[in-house]
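Take a look at the structure set out below.
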Amino acid sequence: VDDVVTVLITGAAGQIGYALAPMVCAGAATGPGKKIALKLLDVEFASEALRGVKMEIMDCAFDACVSVDVFTDCEKACEGVDVAIMVGGFPRKQGMERKDVLGKNVAIYKQQASALASKAKKDVKIVVVANPANTNAKILAKFAPSIPRGNVTCMTRLDHNRALAQLGERSGKATIEVKNAIIWGNHSSTQYPDVNHATIEGKPAREVIGNDAYLDGDFVDVVRARGAAIIEARKLSSALSAASSVCDHVYDWIHGTKEGEWTSMGVISDGSYGVPEGLVYSFPVTCTGGKWQIVQGLSIDERSRKLMDESAKELTEEFELAEQCLAE
Ligand code: NAX
């Protein structure tokens with residue numbers, strides 16, 4: 001049936017999975033009027049926990065959820081998938097080097113790329129959440145050449161939403177009044193949260209806030225370090241806000257961004273704004289008809305240019321390291 005959307009969540013026995021699965025079943029990602037066939041994938045080691053998540057989803061008796069199936073075999077999980085939310089990944093454990101974590105994760109994304117390419121729907125929409133999100137997405141795209149480039153994205157919506165929330169709080173306005181912030185670059189501490197085009201109640205954010213030192217200093221640092229601040233407070237990494245942002249990412253991609261507004265998505269660069277072609281880089285995008293387009297023609301000042309280039313450089317190096325790991 002046409003109005004059933006098959007949604008895959010990988011890493012579904014994890015923290016984000018636990019928050020995300022019910023949101024997806026409530027229609028937050030696909031919108032009203034759609035039924036959801038939910039597929040949950042995790043590794044064998046987590047299969048008992050995964051079974052528990054399935055029981056709880058069943059017990060929610062969601063109106064829109066027509067089925068929930070659990071898998072430890074990626075190929076079976078990818079069969080017939082319309083939307084793939086890739087949360088599964090290997091966490092950084094004590095004593096592990098950055099390269100070790102990266103190597104383990106890109107190996108997962110190389111393998112899952114083949115499963116998606118051979119089993120998912122031809123026009124499957126993919127969003128990679130697991131870190132290193134941009135590089136995992138680039139590896140996925142590389143090893144799934146039959147999937148259209150535009151269908152492979154990574155999530156920087158959480159960073160985008162964090163930026164909106166900070167601007168709302170600072171100006172004393174509701175977050176919904178804040179529009180058109182931008183996250184450029186990597187979902188990492190080199191990301192550049194840019195307020196130069198943002199508005200609050202329709203007025204330039206810089207004017208409303210009237211404190212450039214804050215906007216160029218603490219604001220950027222707080223958005224970049226928000227994940228760490230949440231770990232500090234919760235002793236666990238962000239899960240609820242990550243799940244909610246995944247739903248925003250998928251919803252806007254499918255249903256379109258609002259007139260005059262954009263969002264941030266990690267997408268494959270076409271060279272816009274001088275970002276090296278082929279990098280999965282976070283850009284301001286609008287969405288229409290199930291496709292994203294990079295917002296063109298925004299003015300970029302010298303400071304922004306430098307920050308955008310730094311993040312691009314990090315991504316180029318990260319990808320080189322990923323290729324090295326895969327070759328070893
Ligand atoms: P958890 O460790 O709680 O969950 C990850 C799950 O993935 C585990 O259940 C694990 O068994 C599973 N997994 C591992 N290898 C797998 C494989 N080959 N196939 C399927 N599943 C596999 O982490 P959680 O807190 O849920 O975070 C998940 C990922 O999201 C992490 O990589 C994390 O760094 C990343 N994040 C990304 C964010 C973003 O904005 N892009 C923000 C939140 C989050 O930090």
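Residues in the structure tokens are numbered from 1 in each chain, the chains being A, B, ... in the order shown, and ligands are numbered from 1 in the order shown.
Taking only C-alpha atoms, the non-local environment of stretch 254-259 of chain A within 7 Å (same-chain residues fewer than 2 positions away omitted) comprises Val250, Tyr251, Asp252, Glu261, Trp262, Thr286, Cys287, Thr288, Gly289 and Gly290 of chain A.
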Taking N, CA and C atoms for each residue, export the selection above as an mmCIF file, in the first residue's frame.
data_model
loop_
_atom_site.group_PDB
_atom_site.id
_atom_site.type_symbol
_atom_site.label_atom_id
_atom_site.label_comp_id
_atom_site.auth_asym_id
_atom_site.auth_seq_id
_atom_site.Cartn_x
_atom_site.Cartn_y
_atom_site.Cartn_z
ATOM 1 N N VAL A 250 13.973 14.434 8.800
ATOM 2 C CA VAL A 250 13.239 13.599 7.838
ATOM 3 C C VAL A 250 11.929 14.284 7.423
ATOM 4 N N TYR A 251 11.257 14.881 8.388
ATOM 5 C CA TYR A 251 9.967 15.526 8.097
ATOM 6 C C TYR A 251 10.135 16.645 7.065
ATOM 7 N N ASP A 252 11.116 17.500 7.286
ATOM 8 C CA ASP A 252 11.314 18.621 6.362
ATOM 9 C C ASP A 252 11.775 18.137 4.989
ATOM 10 N N GLU A 261 12.195 29.978 4.617
ATOM 11 C CA GLU A 261 13.019 29.424 5.690
ATOM 12 C C GLU A 261 13.902 28.305 5.167
ATOM 13 N N TRP A 262 15.029 28.143 5.824
ATOM 14 C CA TRP A 262 15.863 26.990 5.509
ATOM 15 C C TRP A 262 16.219 26.270 6.787
ATOM 16 N N THR A 286 17.036 24.240 1.534
ATOM 17 C CA THR A 286 15.580 24.221 1.498
ATOM 18 C C THR A 286 15.178 22.880 0.891
ATOM 19 N N CYS A 287 13.981 22.417 1.208
ATOM 20 C CA CYS A 287 13.508 21.160 0.639
ATOM 21 C C CYS A 287 12.163 21.391 -0.035
ATOM 22 N N THR A 288 12.023 20.809 -1.236
ATOM 23 C CA THR A 288 10.718 20.776 -1.911
ATOM 24 C C THR A 288 10.612 19.469 -2.678
ATOM 25 N N GLY A 289 9.409 18.922 -2.731
ATOM 26 C CA GLY A 289 9.159 17.702 -3.505
ATOM 27 C C GLY A 289 10.076 16.551 -3.126
ATOM 28 N N GLY A 290 10.448 16.457 -1.857
ATOM 29 C CA GLY A 290 11.275 15.337 -1.398
ATOM 30 C C GLY A 290 12.745 15.479 -1.753
#
Around ligand 1, which protein and nucleic acid residues have at least one atom no more than 7 Å from it, if we count only C-alpha atoms and all ligand atoms? List them as a VMD selection string. chain A and resid 10 to 17 41 to 43 45 to 46 87 to 91 108 129 to 133 154 to 159 187 237 to 239 242
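Once A:Ala28 and its same-chain neighbours fewer than 3 positions away are set aside, A:Leu20, A:Pro22, A:Met23, A:Val24, A:Cys25, A:Gly31, A:Pro32, A:Ser244, A:Val246, A:Cys247, A:Asp248, A:Val250, A:Tyr251 remain within 10 Å of it when counting only C-alpha atoms.
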Could you take the residues named above and write them with C-alpha atoms, as a CSV table (one decimal), in the first residue's frame?
chain,number,residue,atom,x,y,z
A,20,LEU,CA,13.4,7.7,18.4
A,22,PRO,CA,8.2,5.9,19.6
A,23,MET,CA,8.5,9.3,17.9
A,24,VAL,CA,8.7,7.7,14.5
A,25,CYS,CA,5.7,5.5,15.3
A,31,GLY,CA,3.8,13.2,9.0
A,32,PRO,CA,0.1,12.7,9.3
A,244,SER,CA,13.5,14.8,18.0
A,246,VAL,CA,16.1,13.3,13.4
A,247,CYS,CA,12.4,13.5,13.0
A,248,ASP,CA,12.7,17.2,12.1
A,250,VAL,CA,13.2,13.6,7.8
A,251,TYR,CA,10.0,15.5,8.1
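Take atom CA of A:Thr175 and atom CA of A:Pro284: the distance between them is 18.1 Å.
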*Spatial neighbours of stretch 313-317 of chain A, max dist 8 Å, only C-alpha atoms, sep filter under 3 positions, as a PyMOL selection string*: chain A and resi 134-135+185-186+190+279+281+309-310+320-321
Any chance you could export the current selection's N, CA and C atoms as a short mmCIF file (atom, residue, chain, number, x, y, z; two decimals), in the first residue's frame?
data_model
loop_
_atom_site.label_atom_id
_atom_site.label_comp_id
_atom_site.auth_asym_id
_atom_site.auth_seq_id
_atom_site.Cartn_x
_atom_site.Cartn_y
_atom_site.Cartn_z
N ASN A 134 29.31 12.82 9.35
CA ASN A 134 29.56 13.27 7.97
C ASN A 134 30.40 12.24 7.21
N THR A 135 31.43 11.75 7.88
CA THR A 135 32.33 10.81 7.21
C THR A 135 31.68 9.44 7.02
N GLY A 185 29.50 22.82 7.98
CA GLY A 185 30.64 21.95 8.20
C GLY A 185 30.37 20.61 8.82
N ASN A 186 31.28 20.25 9.70
CA ASN A 186 31.28 18.91 10.31
C ASN A 186 30.42 18.91 11.56
N THR A 190 34.41 21.58 15.20
CA THR A 190 34.79 22.61 14.22
C THR A 190 33.57 23.16 13.47
N LEU A 279 32.60 16.30 -0.40
CA LEU A 279 32.57 16.20 1.07
C LEU A 279 31.12 16.19 1.54
N TYR A 281 29.02 17.80 3.97
CA TYR A 281 29.25 19.06 4.70
C TYR A 281 27.90 19.64 5.04
N ASP A 309 36.22 27.07 6.19
CA ASP A 309 37.36 26.35 5.61
C ASP A 309 38.00 25.40 6.62
N GLU A 310 38.04 25.84 7.90
CA GLU A 310 38.63 24.98 8.93
C GLU A 310 37.85 23.66 9.05
N GLU A 320 40.30 11.07 4.64
CA GLU A 320 41.57 10.40 4.29
C GLU A 320 41.91 9.33 5.32
N LEU A 321 41.70 9.68 6.59
CA LEU A 321 41.96 8.72 7.67
C LEU A 321 41.02 7.51 7.55
#
